Each structure stands twice: as C-alpha cells, then as structure tokens.
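Next comes final.cif, a file with mmCIF, C-alpha atoms.
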data_entry
loop_
_atom_site.label_atom_id
_atom_site.label_comp_id
_atom_site.auth_asym_id
_atom_site.auth_seq_id
_atom_site.Cartn_x
_atom_site.Cartn_y
_atom_site.Cartn_z
CA MET A 1 105.58 79.31 84.64
CA LYS A 2 106.67 77.30 87.60
CA LEU A 3 104.16 75.09 89.29
CA PHE A 4 105.65 75.18 92.72
CA LYS A 5 106.59 78.32 94.50
CA LYS A 6 110.19 78.25 95.48
CA GLU A 7 110.68 78.45 99.18
CA ASN A 8 113.63 80.12 100.78
CA HIS A 9 113.97 82.50 97.92
CA ARG A 10 113.22 86.14 97.93
CA ASN A 11 110.00 87.53 96.49
CA ILE A 12 110.82 90.29 94.09
CA VAL A 13 108.35 92.64 92.42
CA ILE A 14 109.58 94.68 89.49
CA VAL A 15 107.51 97.52 88.06
CA GLY A 16 108.28 98.59 84.52
CA CYS A 17 109.20 96.15 81.81
CA GLY A 18 111.53 98.18 79.68
CA ARG A 19 115.12 97.26 78.90
CA LEU A 20 116.17 97.52 82.53
CA GLY A 21 113.11 95.85 84.02
CA SER A 22 113.01 92.89 81.68
CA ALA A 23 116.75 92.29 81.93
CA LEU A 24 116.58 92.37 85.72
CA ALA A 25 113.54 90.12 85.76
CA SER A 26 115.05 87.41 83.62
CA ASN A 27 118.38 87.62 85.39
CA LEU A 28 116.84 87.35 88.85
CA SER A 29 114.52 84.53 87.88
CA ASP A 30 117.53 82.67 86.47
CA GLN A 31 118.99 82.95 89.95
CA ASN A 32 115.93 81.13 91.24
CA GLU A 33 114.27 84.13 92.90
CA ASN A 34 110.49 84.47 92.83
CA VAL A 35 110.04 87.28 90.36
CA LEU A 36 106.90 89.09 89.26
CA ILE A 37 107.04 91.92 86.76
CA VAL A 38 104.31 94.53 86.30
CA ASP A 39 103.81 96.81 83.32
CA CYS A 40 100.78 98.67 82.05
CA ASN A 41 101.64 97.75 78.50
CA GLU A 42 101.05 94.19 77.35
CA GLU A 43 103.47 94.60 74.48
CA SER A 44 106.28 95.44 76.85
CA LEU A 45 105.64 92.26 78.77
CA GLU A 46 105.92 90.30 75.53
CA THR A 47 109.51 91.46 75.17
CA LEU A 48 110.49 89.26 78.10
CA PRO A 49 112.80 86.46 76.94
CA GLN A 50 111.19 83.06 76.42
CA THR A 51 113.36 81.58 79.11
CA TYR A 52 111.94 83.93 81.74
CA GLY A 53 110.63 81.77 84.54
CA GLY A 54 108.77 84.31 86.65
CA PHE A 55 105.32 85.81 86.53
CA SER A 56 104.08 88.86 84.70
CA LEU A 57 101.10 91.09 85.35
CA GLU A 58 99.54 93.75 83.17
CA GLY A 59 98.46 96.83 85.07
CA ASP A 60 99.35 100.26 86.39
CA GLY A 61 102.09 99.94 88.97
CA THR A 62 101.02 103.08 90.81
CA ASP A 63 97.65 101.48 91.53
CA THR A 64 97.69 99.93 95.00
CA ASP A 65 95.19 97.27 93.94
CA ILE A 66 97.48 96.12 91.16
CA LEU A 67 100.42 96.06 93.56
CA LYS A 68 98.39 93.98 95.99
CA LEU A 69 97.55 91.62 93.16
CA ALA A 70 101.25 91.42 92.47
CA GLY A 71 101.72 90.21 96.01
CA ILE A 72 103.52 93.26 97.33
CA GLN A 73 102.47 92.39 100.87
CA LYS A 74 104.77 89.39 100.74
CA ALA A 75 107.51 90.99 98.68
CA ASP A 76 111.03 91.28 100.07
CA ILE A 77 112.26 93.56 97.34
CA LEU A 78 110.55 96.07 95.09
CA ILE A 79 112.28 97.54 92.08
CA ALA A 80 110.73 100.56 90.38
CA ALA A 81 112.18 100.57 86.90
CA THR A 82 109.81 102.54 84.70
CA GLY A 83 111.04 105.33 82.46
CA ASP A 84 109.52 108.09 84.55
CA ASP A 85 111.21 109.39 87.69
CA ASN A 86 108.05 110.57 89.37
CA THR A 87 106.27 107.29 88.78
CA ASN A 88 109.22 105.38 90.16
CA ILE A 89 109.43 107.48 93.28
CA MET A 90 105.69 107.21 93.85
CA ILE A 91 105.73 103.43 93.47
CA ALA A 92 108.71 103.19 95.77
CA GLN A 93 106.94 105.30 98.39
CA ILE A 94 103.78 103.22 98.18
CA ALA A 95 105.87 100.09 98.68
CA LYS A 96 107.77 101.55 101.60
CA GLU A 97 105.06 103.49 103.41
CA CYS A 98 101.92 101.48 102.73
CA PHE A 99 103.26 97.96 102.50
CA GLY A 100 106.50 98.14 104.45
CA VAL A 101 108.63 96.41 101.84
CA LYS A 102 112.12 95.97 103.27
CA THR A 103 114.26 96.76 100.28
CA VAL A 104 113.02 99.32 97.80
CA VAL A 105 115.11 100.36 94.84
CA ALA A 106 114.09 103.01 92.35
CA ARG A 107 115.63 103.99 89.06
CA VAL A 108 115.87 107.77 89.19
CA ASP A 109 117.43 109.71 86.34
CA ASP A 110 117.55 113.08 87.98
CA THR A 111 120.11 113.04 90.75
CA SER A 112 118.39 115.91 92.55
CA SER A 113 115.41 113.64 93.24
CA ASP A 114 117.57 111.78 95.72
CA ALA A 115 116.44 114.36 98.26
CA VAL A 116 112.96 112.85 98.21
CA CYS A 117 114.12 109.25 98.30
CA SER A 118 116.87 108.90 100.85
CA PRO A 119 115.07 110.33 103.92
CA ILE A 120 112.49 107.56 103.83
CA GLY A 121 114.88 104.77 103.04
CA ILE A 122 114.45 104.34 99.33
CA MET A 123 117.56 103.46 97.44
CA ALA A 124 117.79 105.53 94.27
CA ILE A 125 120.00 104.44 91.43
CA SER A 126 120.72 107.00 88.79
CA PRO A 127 121.87 105.87 85.34
CA ALA A 128 123.44 109.29 84.78
CA LEU A 129 125.50 109.02 87.94
CA LEU A 130 126.61 105.50 87.06
CA LEU A 131 127.62 106.67 83.59
CA PHE A 132 129.50 109.55 85.11
CA ASN A 133 131.46 107.29 87.42
CA GLU A 134 132.20 104.86 84.63
CA PHE A 135 133.44 107.66 82.40
CA LYS A 136 135.59 108.99 85.18
CA LYS A 137 137.17 105.59 85.60
CA VAL A 138 137.92 105.25 81.91
CA LEU A 139 139.32 108.74 81.64
CA GLY A 140 141.36 108.30 84.79
CA LYS A 141 142.99 105.17 83.37
CA ASN A 142 143.82 106.91 80.15
CA GLU A 143 145.56 109.66 81.99
CA GLU A 144 147.64 107.14 83.90
CA SER A 145 148.72 105.26 80.78
CA THR A 146 149.90 108.37 78.97
CA MET B 1 99.25 134.94 101.60
CA ASN B 2 101.81 133.66 99.16
CA ILE B 3 100.46 130.83 97.10
CA LEU B 4 102.30 128.70 94.55
CA LEU B 5 100.33 126.85 91.91
CA VAL B 6 101.97 124.08 89.93
CA GLU B 7 100.57 123.08 86.52
CA GLY B 8 96.85 122.59 85.98
CA ASN B 9 95.73 124.18 82.68
CA GLN B 10 92.27 125.72 83.01
CA LYS B 11 92.00 125.01 86.71
CA THR B 12 94.90 127.32 87.37
CA LYS B 13 93.34 130.24 85.54
CA PHE B 14 90.18 130.00 87.52
CA LEU B 15 92.02 129.59 90.78
CA ILE B 16 94.28 132.57 90.14
CA LYS B 17 91.25 134.72 89.50
CA ALA B 18 89.63 133.60 92.72
CA LEU B 19 92.80 134.01 94.76
CA GLN B 20 93.59 137.43 93.37
CA THR B 21 90.20 138.79 94.27
CA ASN B 22 91.06 137.83 97.84
CA ASP B 23 94.37 139.71 97.61
CA HIS B 24 96.63 136.69 97.68
CA HIS B 25 100.01 136.77 96.02
CA VAL B 26 100.16 134.03 93.40
CA VAL B 27 103.11 132.43 91.62
CA VAL B 28 102.68 129.79 88.92
CA VAL B 29 104.96 127.01 87.71
CA GLY B 30 104.21 125.21 84.45
CA GLN B 31 106.06 123.33 81.75
CA ASP B 32 104.35 124.92 78.78
CA TYR B 33 106.00 128.17 77.77
CA SER B 34 103.03 129.81 76.04
CA TRP B 35 100.73 128.84 78.89
CA CYS B 36 103.06 130.51 81.38
CA LYS B 37 103.31 133.57 79.17
CA THR B 38 99.54 133.95 78.86
CA LEU B 39 99.08 133.65 82.60
CA ALA B 40 101.84 136.11 83.32
CA ASP B 41 100.35 138.59 80.83
CA THR B 42 96.71 138.31 81.80
CA PHE B 43 97.08 138.21 85.56
CA GLU B 44 100.38 140.07 86.00
CA ILE B 45 101.86 137.35 88.13
CA THR B 46 105.23 135.62 88.22
CA ALA B 47 105.15 132.51 86.08
CA ILE B 48 108.11 130.14 86.07
CA CYS B 49 108.39 127.87 83.07
CA GLY B 50 109.78 124.50 84.09
CA ASP B 51 109.18 121.14 85.68
CA GLY B 52 107.70 121.63 89.13
CA THR B 53 109.02 118.29 90.32
CA LYS B 54 112.57 119.61 90.15
CA PRO B 55 113.86 121.27 93.30
CA TYR B 56 115.71 124.00 91.41
CA ILE B 57 112.53 125.10 89.66
CA LEU B 58 110.69 125.31 92.96
CA LYS B 59 113.61 127.27 94.31
CA ASP B 60 113.29 129.70 91.39
CA ALA B 61 109.63 130.08 92.29
CA GLN B 62 110.70 130.90 95.85
CA ALA B 63 108.81 127.98 97.28
CA ASN B 64 110.46 128.59 100.64
CA LYS B 65 108.52 131.83 100.99
CA MET B 66 105.17 130.25 100.19
CA ASP B 67 102.39 129.72 102.68
CA ILE B 68 100.55 127.30 100.45
CA VAL B 69 101.64 125.13 97.55
CA ILE B 70 98.97 123.57 95.37
CA ALA B 71 99.79 120.85 92.84
CA LEU B 72 97.14 120.80 90.14
CA GLY B 73 98.79 118.57 87.53
CA ASP B 74 97.26 115.71 85.64
CA GLU B 75 99.67 113.13 86.95
CA ASP B 76 99.32 111.96 90.51
CA SER B 77 102.95 110.97 90.76
CA ALA B 78 104.14 114.42 89.74
CA ASN B 79 101.73 116.09 92.15
CA LEU B 80 102.99 113.91 94.96
CA ILE B 81 106.60 114.80 94.30
CA VAL B 82 105.80 118.52 94.12
CA CYS B 83 104.07 118.33 97.48
CA GLU B 84 106.79 116.31 99.11
CA LEU B 85 109.52 118.61 97.89
CA ALA B 86 107.60 121.63 99.06
CA LYS B 87 107.06 120.06 102.44
CA THR B 88 110.47 118.57 103.12
CA GLN B 89 112.89 120.87 101.30
CA PHE B 90 111.10 124.18 101.38
CA HIS B 91 109.20 123.72 104.64
CA VAL B 92 105.92 124.95 103.23
CA LYS B 93 103.23 124.74 105.87
CA ASN B 94 100.28 123.77 103.72
CA VAL B 95 100.58 121.61 100.65
CA TYR B 96 97.51 120.62 98.69
CA ALA B 97 97.11 118.36 95.70
CA VAL B 98 94.57 117.41 93.11
CA ILE B 99 94.42 113.66 92.71
CA ASN B 100 93.08 111.83 89.73
CA ASP B 101 92.79 108.39 91.26
CA PRO B 102 90.75 108.64 94.49
CA LYS B 103 92.56 105.56 95.76
CA ASN B 104 95.65 107.67 96.21
CA ALA B 105 94.01 109.89 98.81
CA ASP B 106 95.22 107.82 101.75
CA LEU B 107 98.72 107.54 100.40
CA PHE B 108 98.96 111.28 99.85
CA LYS B 109 97.83 111.97 103.37
CA LYS B 110 100.26 109.45 104.75
CA LEU B 111 103.11 111.08 102.90
CA GLY B 112 102.37 114.50 104.31
CA VAL B 113 100.05 116.15 101.81
CA ASP B 114 97.70 118.23 103.93
CA LYS B 115 94.65 118.10 101.75
CA CYS B 116 93.80 116.41 98.52
CA VAL B 117 90.85 116.87 96.24
CA SER B 118 89.67 114.31 93.78
CA THR B 119 87.35 115.49 91.03
CA VAL B 120 86.05 112.01 90.44
CA GLN B 121 85.26 111.59 94.10
CA LEU B 122 83.44 114.90 94.16
CA PHE B 123 81.41 113.84 91.17
CA ALA B 124 80.58 110.54 92.77
CA GLU B 125 79.42 112.31 95.90
CA MET B 126 77.40 114.74 93.84
CA VAL B 127 75.69 111.97 91.92
CA GLU B 128 74.95 110.26 95.19
CA GLN B 129 73.34 113.39 96.54
CA GLU B 130 71.39 114.08 93.36
CA SER B 131 70.02 110.59 93.19
CA ILE B 132 68.37 110.91 96.53
CA GLU B 133 64.80 112.12 96.30
CA ASP B 134 63.37 115.55 96.77
CA ASN B 135 62.15 114.91 100.29
CA ILE B 136 65.67 114.46 101.47
CA LYS B 137 67.05 117.93 101.52
CA LYS B 138 70.49 117.74 102.93
CA TYR B 139 72.89 114.91 102.89
CA LEU B 140 76.10 115.18 104.80
CA PRO B 141 78.71 112.43 104.68
CA ILE B 142 81.08 112.29 107.65
CA GLU B 143 84.34 110.35 108.04
CA ASN B 144 84.67 109.67 104.30
CA GLY B 145 81.01 108.73 104.10
CA ARG B 146 81.09 106.10 106.83
CA VAL B 147 78.43 107.99 108.73
CA VAL B 148 75.78 110.16 107.12
CA ILE B 149 73.47 112.77 108.46
CA CYS B 150 70.45 113.64 106.39
CA GLU B 151 67.37 115.73 106.68
CA VAL B 152 64.19 113.96 105.57
CA ILE B 153 60.88 115.72 105.09
CA LEU B 154 57.96 113.38 105.74
CA ASP B 155 55.03 113.67 103.33
CA GLU B 156 51.55 112.15 103.58
CA LYS B 157 52.64 108.97 101.86
CA SER B 158 55.36 108.20 104.36
CA PRO B 159 54.91 104.73 105.84
CA ALA B 160 56.28 105.96 109.15
CA LEU B 161 53.37 108.28 109.97
CA ASN B 162 51.29 107.89 113.11
CA LYS B 163 53.51 105.20 114.53
CA LYS B 164 55.53 105.39 117.67
CA LEU B 165 59.23 105.34 116.89
CA TRP B 166 59.82 102.03 118.64
CA GLU B 167 57.10 100.45 116.51
CA ILE B 168 58.73 101.45 113.26
CA GLY B 169 61.78 99.29 113.82
CA PHE B 170 64.80 101.16 112.61
CA PRO B 171 67.84 99.10 111.76
CA PRO B 172 70.66 99.16 114.30
CA GLN B 173 73.32 101.82 113.69
CA SER B 174 70.67 104.40 112.90
CA MET B 175 68.48 106.85 114.75
CA ILE B 176 66.33 109.91 114.35
CA SER B 177 68.24 112.39 116.41
CA CYS B 178 65.89 115.30 116.05
CA VAL B 179 62.44 116.12 114.70
CA ILE B 180 61.60 119.61 113.59
CA ARG B 181 57.87 120.33 113.57
CA GLY B 182 57.16 123.91 112.60
CA GLU B 183 58.71 126.04 115.29
CA GLN B 184 59.12 123.10 117.64
CA THR B 185 62.31 121.10 117.98
CA ILE B 186 61.77 117.67 119.43
CA ILE B 187 64.41 115.27 120.63
CA PRO B 188 62.41 112.13 119.99
CA GLN B 189 61.97 109.22 122.32
CA GLY B 190 60.55 105.77 121.73
CA ASN B 191 56.97 106.93 122.07
CA THR B 192 57.26 110.02 119.87
CA LYS B 193 54.96 109.90 116.85
CA LEU B 194 55.92 111.32 113.49
CA SER B 195 53.43 113.33 111.48
CA ALA B 196 53.31 114.67 107.95
CA GLY B 197 55.43 117.75 107.38
CA ASP B 198 57.94 116.82 110.03
CA LYS B 199 61.58 117.22 109.27
CA ALA B 200 63.55 114.31 110.65
CA ILE B 201 67.29 114.53 111.14
CA VAL B 202 68.66 111.04 110.68
CA ILE B 203 72.09 109.84 111.73
CA SER B 204 73.05 106.48 110.39
CA SER B 205 75.94 104.39 109.20
CA SER B 206 76.35 104.29 105.44
CA GLU B 207 75.35 100.61 105.25
CA VAL B 208 71.85 101.08 106.54
CA VAL B 209 71.09 104.60 105.35
CA ASN B 210 69.05 103.40 102.38
CA GLN B 211 67.05 101.11 104.61
CA VAL B 212 66.25 103.99 106.94
CA LEU B 213 65.29 106.27 104.09
CA SER B 214 62.96 103.71 102.58
CA ILE B 215 61.26 103.35 105.97
CA LEU B 216 60.70 107.08 106.13
CA THR B 217 59.90 108.00 102.54
CA LEU B 218 58.27 105.08 100.72
CA LYS B 219 60.39 105.58 97.62
CA LYS B 220 63.65 103.71 97.63
CA SER B 221 66.71 105.75 96.98
CA LYS B 222 68.97 104.46 94.27
CA ARG B 223 72.56 103.75 94.87
#
Represent the supplied structure as structure tokens.
Amino acid sequence: MKLFKKENHRNIVIVGCGRLGSALASNLSDQNENVLIVDCNEESLETLPQTYGGFSLEGDGTDTDILKLAGIQKADILIAATGDDNTNIMIAQIAKECFGVKTVVARVDDTSSDAVCSPIGIMAISPALLLFNEFKKVLGKNEEST
Amino acid sequence: MNILLVEGNQKTKFLIKALQTNDHHVVVVGQDYSWCKTLADTFEITAICGDGTKPYILKDAQANKMDIVIALGDEDSANLIVCELAKTQFHVKNVYAVINDPKNADLFKKLGVDKCVSTVQLFAEMVEQESIEDNIKKYLPIENGRVVICEVILDEKSPALNKKLWEIGFPPQSMISCVIRGEQTIIPQGNTKLSAGDKAIVISSSEVVNQVLSILTLKKSKR
C-alpha cells in the first residue's frame, strides 16, 4: 500500500474482483493510477497479484455507503466489472446519477441491455460483442488468404 | 387496468388474488417454469417464463400495453432494471418496485421508479408504532418521518395536567395543534390548560417527539 496519494493521477474505483476486475486493477495501478477495488467476497480480493499497489475494500458495491467509503465522490472513473449484468448496471447508475462520476464503464454481457445504459451516458462493454468482432476479423482474414 | 407483475414468489400469488377481485387484468413474468405454470393454472392468467430484465421477455408480456408494472423480485438490481426498461422502452406510466435495501429508495425514485416499498422499512415503522404506549393512539410520520403527528390521550398521571401550555415548556419544533375534549375541539393558546381525558394532537419534528411525549405521558417511549 502506498503511503502517499499520487497527485495528478486519476482516481479509479473498480467494483467486482473477478478475472476482469483484478486484471484491470493491477494493470491500472501499474500505470500509477489511484486504484481501489471493491468486492463483497474477501477471497476474491485475495486473488489480486502481490504486486498490486492499490487499495481494496470488502463490501457490497451496490450499497451507496460502501461506495462512499470507496471514495466514489472523488472518483474520476468507475468500472463495474462484476459477473452480473443487473448489478453492473445498477452500480453504474448509482455512480452516474447519485455521485456524478464522469466516466462510467460497465461490463454488460447481454447486448440488449445497452438500451438502459447509453441514454444516461454509461459506457457498456459487452464481452460477447468483442468476441464476435474478434471472430469476424479472424474469419475475414482467412477468407482473404484462401 | 392491465398490470404486469415480475417475479416475487408468494407475494405475487397474494397480489394476483387481490388484483383479480378488483377486475384487473394481470400478466406475470417469472424465471421458474413450474411457478409460472402453477400461477397460470390457478388464476387463469398469462404467465411468461423468462428473465424480466430482458427487453424481449417484457415485449412478450406486452409491457407496452400495461398501465402498471410491478417488480417484486428479491434482487434490487433486477427490480431496478425491470422498472427502467418498462419506463423507457415500453412507456409504462406507473412502475413500482419492492426494494430490499431501504437505502435504495432514493436512487429508485431518482431513476424514475414511481413508488417503491421496502418490507424492512415497513417493519421498522411498525415496530416504532408498536413501541409507543397505549395512550398514544395514532402515529403518523410525514416526509419520511421527519415530521410526526400523533394523538396523545392524557391520563390522570400526566405531568402536564392543570398547567397552562406556556408553563409546560415544550421543546422548539413542537406544538399541540389541537385539543379534543369530549365534543369540544379547542385550538389551544398559551393559557389553555390541559385536563385528564383530553386528546392532544401533537405536531413535532422527529428529533424532539420523544421529549414531547414524555412531557405529556410520564412514561418515556422507547426508540
């Protein structure tokens, strides 16, 4: 844990410490951002790599008190990266509507959920859509080479 | 009216019964197949088996034709999404939700849910009302309990008897707005005296309500 808060770096709150969340957290903290990761499961937080230089907090990310504790009022970016679409969208909405976080990104598996996110300025990233695009690229190349 | 209920186990059953007796047209969405089947069989209603947070399921349930959508699920996040979809995509006029964490009430309202009910909150309010003694008959919280109105019946032991109101020394932010004495209704002034058997209607802020009640009824109410 760092003793001095880094100035001139963005404050990033990540909710959900699964594969995506923990990878993002360690990567961003390596880039010298102020990172705090929240997960309701202590064991998930233990999966963070030893080199992770940010903070971690055990608690329910949909709870506004926990988010306040995580310093969401000062956060520049919130990333909702739990495994559940609804939870992610709810967290993203809390961040956007209640705390006015500038950049809010949510992991959303179901592409149809985008309808809820985009009108209020939440960026939704869908693993399925990314996979689809990646596959299309690969298949497209193959067609060209044959 | 056309009413769509989403999830909710036992709550749904009870609600369907109540709504049907009032001649409302009810449609149910739930994820559990056998649950849907039972409801469809017992109440002869349309039951759609699927995830209510998905727009295509709500479309199947003809959410666009609904007057009211009620999300009764166990997860707040799911209920929120159901309500938002109903509101934004299907233009339902009234969307209601059950919330499990009372803290979410403000958020839900902010995001366009018309009304939300929290069981825990109701219980808390009930306990609060029960814990207040017998001489306080009615207890009415206003503005989320910031202001309360209550009806206090003064018995012989009341320390406020035979004193002029200004002598009693009520805390600021509180007043006796009305005294009912038999058939008489008195709007009290500083020199009005209270007597045993009077019903006093007290308006006060929630911070000082206990103080006021202890002045009027001897026993301290627990909180």
- prompt: With all atoms listed in the file as the atoms that count, which of B:Asp60, B:Leu165, B:Asn210, B:Ala97 lies nearest to Glu128 (chain B)?
  reply: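 Among B:Asp60, B:Leu165, B:Asn210, B:Ala97, it is B:Asn210 that comes nearest to Glu128 (chain B).
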- prompt: Using all atoms listed in the file, which chain B residues lie at most 10 Å away from chain A, written as number ranges by chain?
  reply: B: 53-56, 75-82, 84-85, 88-89, 101, 103-104, 106-108, 110-111
Residues near region 28-30 of chain B, cut-off 6 Å, only C-alpha atoms, skip fewer than 6 positions along chain, as an NGL selection string: :B and (4-7 or 47-50)
field: Test item: residues at most 10 Å from Lys115 (chain B), all atoms listed in the file, excluding those fewer than 4 positions along its chain, as a ChimeraX atom specification
entry: /B:70,94-98,105,108-109
- request: Could you please determine the separation between CA of Leu78 (chain A) and CA of Arg19 (chain A) in Å, to one decimal place?
  value: 16.9 Å
Export region 95-127 of chain A, N, CA and C atoms, as a PDB file, in the first residue's frame; it's the structure right above.
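Printed below is decode-v9.pdb as written:
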ATOM      1  N   ALA A  95     -23.395   5.444  -9.648  1.00  0.00           N
ATOM      2  CA  ALA A  95     -22.203   6.285  -9.834  1.00  0.00           C
ATOM      3  C   ALA A  95     -22.537   7.512 -10.657  1.00  0.00           C
ATOM      4  N   LYS A  96     -23.310   7.294 -11.719  1.00  0.00           N
ATOM      5  CA  LYS A  96     -23.595   8.398 -12.638  1.00  0.00           C
ATOM      6  C   LYS A  96     -24.612   9.369 -12.031  1.00  0.00           C
ATOM      7  N   GLU A  97     -25.713   8.818 -11.538  1.00  0.00           N
ATOM      8  CA  GLU A  97     -26.829   9.681 -11.127  1.00  0.00           C
ATOM      9  C   GLU A  97     -26.640  10.273  -9.735  1.00  0.00           C
ATOM     10  N   CYS A  98     -26.135   9.466  -8.808  1.00  0.00           N
ATOM     11  CA  CYS A  98     -26.034   9.951  -7.428  1.00  0.00           C
ATOM     12  C   CYS A  98     -24.728  10.668  -7.158  1.00  0.00           C
ATOM     13  N   PHE A  99     -23.656  10.225  -7.804  1.00  0.00           N
ATOM     14  CA  PHE A  99     -22.357  10.793  -7.463  1.00  0.00           C
ATOM     15  C   PHE A  99     -21.724  11.553  -8.616  1.00  0.00           C
ATOM     16  N   GLY A 100     -22.357  11.539  -9.762  1.00  0.00           N
ATOM     17  CA  GLY A 100     -21.858  12.310 -10.899  1.00  0.00           C
ATOM     18  C   GLY A 100     -20.457  11.952 -11.358  1.00  0.00           C
ATOM     19  N   VAL A 101     -20.122  10.674 -11.308  1.00  0.00           N
ATOM     20  CA  VAL A 101     -18.802  10.254 -11.789  1.00  0.00           C
ATOM     21  C   VAL A 101     -18.730  10.476 -13.297  1.00  0.00           C
ATOM     22  N   LYS A 102     -17.610  11.060 -13.740  1.00  0.00           N
ATOM     23  CA  LYS A 102     -17.503  11.470 -15.148  1.00  0.00           C
ATOM     24  C   LYS A 102     -17.550  10.286 -16.100  1.00  0.00           C
ATOM     25  N   THR A 103     -16.642   9.362 -15.898  1.00  0.00           N
ATOM     26  CA  THR A 103     -16.570   8.222 -16.804  1.00  0.00           C
ATOM     27  C   THR A 103     -17.036   6.966 -16.082  1.00  0.00           C
ATOM     28  N   VAL A 104     -18.078   6.368 -16.623  1.00  0.00           N
ATOM     29  CA  VAL A 104     -18.602   5.143 -16.015  1.00  0.00           C
ATOM     30  C   VAL A 104     -18.624   4.048 -17.071  1.00  0.00           C
ATOM     31  N   VAL A 105     -17.957   2.958 -16.769  1.00  0.00           N
ATOM     32  CA  VAL A 105     -17.909   1.848 -17.714  1.00  0.00           C
ATOM     33  C   VAL A 105     -18.473   0.609 -17.031  1.00  0.00           C
ATOM     34  N   ALA A 106     -19.366  -0.084 -17.725  1.00  0.00           N
ATOM     35  CA  ALA A 106     -19.940  -1.291 -17.148  1.00  0.00           C
ATOM     36  C   ALA A 106     -19.713  -2.467 -18.077  1.00  0.00           C
ATOM     37  N   ARG A 107     -19.398  -3.606 -17.477  1.00  0.00           N
ATOM     38  CA  ARG A 107     -19.316  -4.828 -18.260  1.00  0.00           C
ATOM     39  C   ARG A 107     -20.734  -5.385 -18.348  1.00  0.00           C
ATOM     40  N   VAL A 108     -21.228  -5.516 -19.567  1.00  0.00           N
ATOM     41  CA  VAL A 108     -22.602  -5.984 -19.744  1.00  0.00           C
ATOM     42  C   VAL A 108     -22.612  -7.092 -20.784  1.00  0.00           C
ATOM     43  N   ASP A 109     -22.989  -8.279 -20.359  1.00  0.00           N
ATOM     44  CA  ASP A 109     -22.942  -9.424 -21.268  1.00  0.00           C
ATOM     45  C   ASP A 109     -24.026  -9.357 -22.335  1.00  0.00           C
ATOM     46  N   ASP A 110     -25.202  -9.012 -21.885  1.00  0.00           N
ATOM     47  CA  ASP A 110     -26.332  -9.013 -22.809  1.00  0.00           C
ATOM     48  C   ASP A 110     -26.361  -7.702 -23.592  1.00  0.00           C
ATOM     49  N   THR A 111     -26.228  -7.816 -24.890  1.00  0.00           N
ATOM     50  CA  THR A 111     -26.123  -6.601 -25.700  1.00  0.00           C
ATOM     51  C   THR A 111     -27.423  -5.793 -25.691  1.00  0.00           C
ATOM     52  N   SER A 112     -28.539  -6.459 -25.392  1.00  0.00           N
ATOM     53  CA  SER A 112     -29.804  -5.723 -25.409  1.00  0.00           C
ATOM     54  C   SER A 112     -29.901  -4.761 -24.227  1.00  0.00           C
ATOM     55  N   SER A 113     -29.066  -4.965 -23.210  1.00  0.00           N
ATOM     56  CA  SER A 113     -29.095  -4.083 -22.043  1.00  0.00           C
ATOM     57  C   SER A 113     -28.542  -2.701 -22.363  1.00  0.00           C
ATOM     58  N   ASP A 114     -27.906  -2.589 -23.497  1.00  0.00           N
ATOM     59  CA  ASP A 114     -27.341  -1.309 -23.904  1.00  0.00           C
ATOM     60  C   ASP A 114     -28.413  -0.218 -23.913  1.00  0.00           C
ATOM     61  N   ALA A 115     -29.652  -0.631 -24.168  1.00  0.00           N
ATOM     62  CA  ALA A 115     -30.758   0.321 -24.214  1.00  0.00           C
ATOM     63  C   ALA A 115     -30.919   1.071 -22.902  1.00  0.00           C
ATOM     64  N   VAL A 116     -30.584   0.406 -21.790  1.00  0.00           N
ATOM     65  CA  VAL A 116     -30.705   1.054 -20.488  1.00  0.00           C
ATOM     66  C   VAL A 116     -29.516   1.980 -20.243  1.00  0.00           C
ATOM     67  N   CYS A 117     -28.353   1.547 -20.738  1.00  0.00           N
ATOM     68  CA  CYS A 117     -27.111   2.237 -20.396  1.00  0.00           C
ATOM     69  C   CYS A 117     -26.880   3.513 -21.192  1.00  0.00           C
ATOM     70  N   SER A 118     -26.962   3.414 -22.495  1.00  0.00           N
ATOM     71  CA  SER A 118     -26.488   4.529 -23.316  1.00  0.00           C
ATOM     72  C   SER A 118     -27.267   5.837 -23.121  1.00  0.00           C
ATOM     73  N   PRO A 119     -28.599   5.800 -22.871  1.00  0.00           N
ATOM     74  CA  PRO A 119     -29.288   7.087 -22.725  1.00  0.00           C
ATOM     75  C   PRO A 119     -28.762   7.938 -21.568  1.00  0.00           C
ATOM     76  N   ILE A 120     -28.247   7.313 -20.517  1.00  0.00           N
ATOM     77  CA  ILE A 120     -27.777   8.128 -19.406  1.00  0.00           C
ATOM     78  C   ILE A 120     -26.257   8.212 -19.359  1.00  0.00           C
ATOM     79  N   GLY A 121     -25.623   7.855 -20.447  1.00  0.00           N
ATOM     80  CA  GLY A 121     -24.193   8.111 -20.546  1.00  0.00           C
ATOM     81  C   GLY A 121     -23.300   7.088 -19.881  1.00  0.00           C
ATOM     82  N   ILE A 122     -23.782   5.862 -19.808  1.00  0.00           N
ATOM     83  CA  ILE A 122     -22.934   4.801 -19.281  1.00  0.00           C
ATOM     84  C   ILE A 122     -22.367   4.005 -20.446  1.00  0.00           C
ATOM     85  N   MET A 123     -21.069   3.825 -20.422  1.00  0.00           N
ATOM     86  CA  MET A 123     -20.465   3.065 -21.496  1.00  0.00           C
ATOM     87  C   MET A 123     -20.577   1.584 -21.159  1.00  0.00           C
ATOM     88  N   ALA A 124     -21.188   0.817 -22.040  1.00  0.00           N
ATOM     89  CA  ALA A 124     -21.331  -0.614 -21.774  1.00  0.00           C
ATOM     90  C   ALA A 124     -20.404  -1.388 -22.692  1.00  0.00           C
ATOM     91  N   ILE A 125     -19.623  -2.272 -22.109  1.00  0.00           N
ATOM     92  CA  ILE A 125     -18.741  -3.103 -22.909  1.00  0.00           C
ATOM     93  C   ILE A 125     -19.201  -4.540 -22.783  1.00  0.00           C
ATOM     94  N   SER A 126     -19.480  -5.144 -23.911  1.00  0.00           N
ATOM     95  CA  SER A 126     -20.004  -6.497 -23.894  1.00  0.00           C
ATOM     96  C   SER A 126     -18.955  -7.489 -24.376  1.00  0.00           C
ATOM     97  N   PRO A 127     -18.580  -8.446 -23.517  1.00  0.00           N
ATOM     98  CA  PRO A 127     -17.609  -9.459 -23.918  1.00  0.00           C
ATOM     99  C   PRO A 127     -18.087 -10.214 -25.164  1.00  0.00           C
TER     100      PRO A 127
END
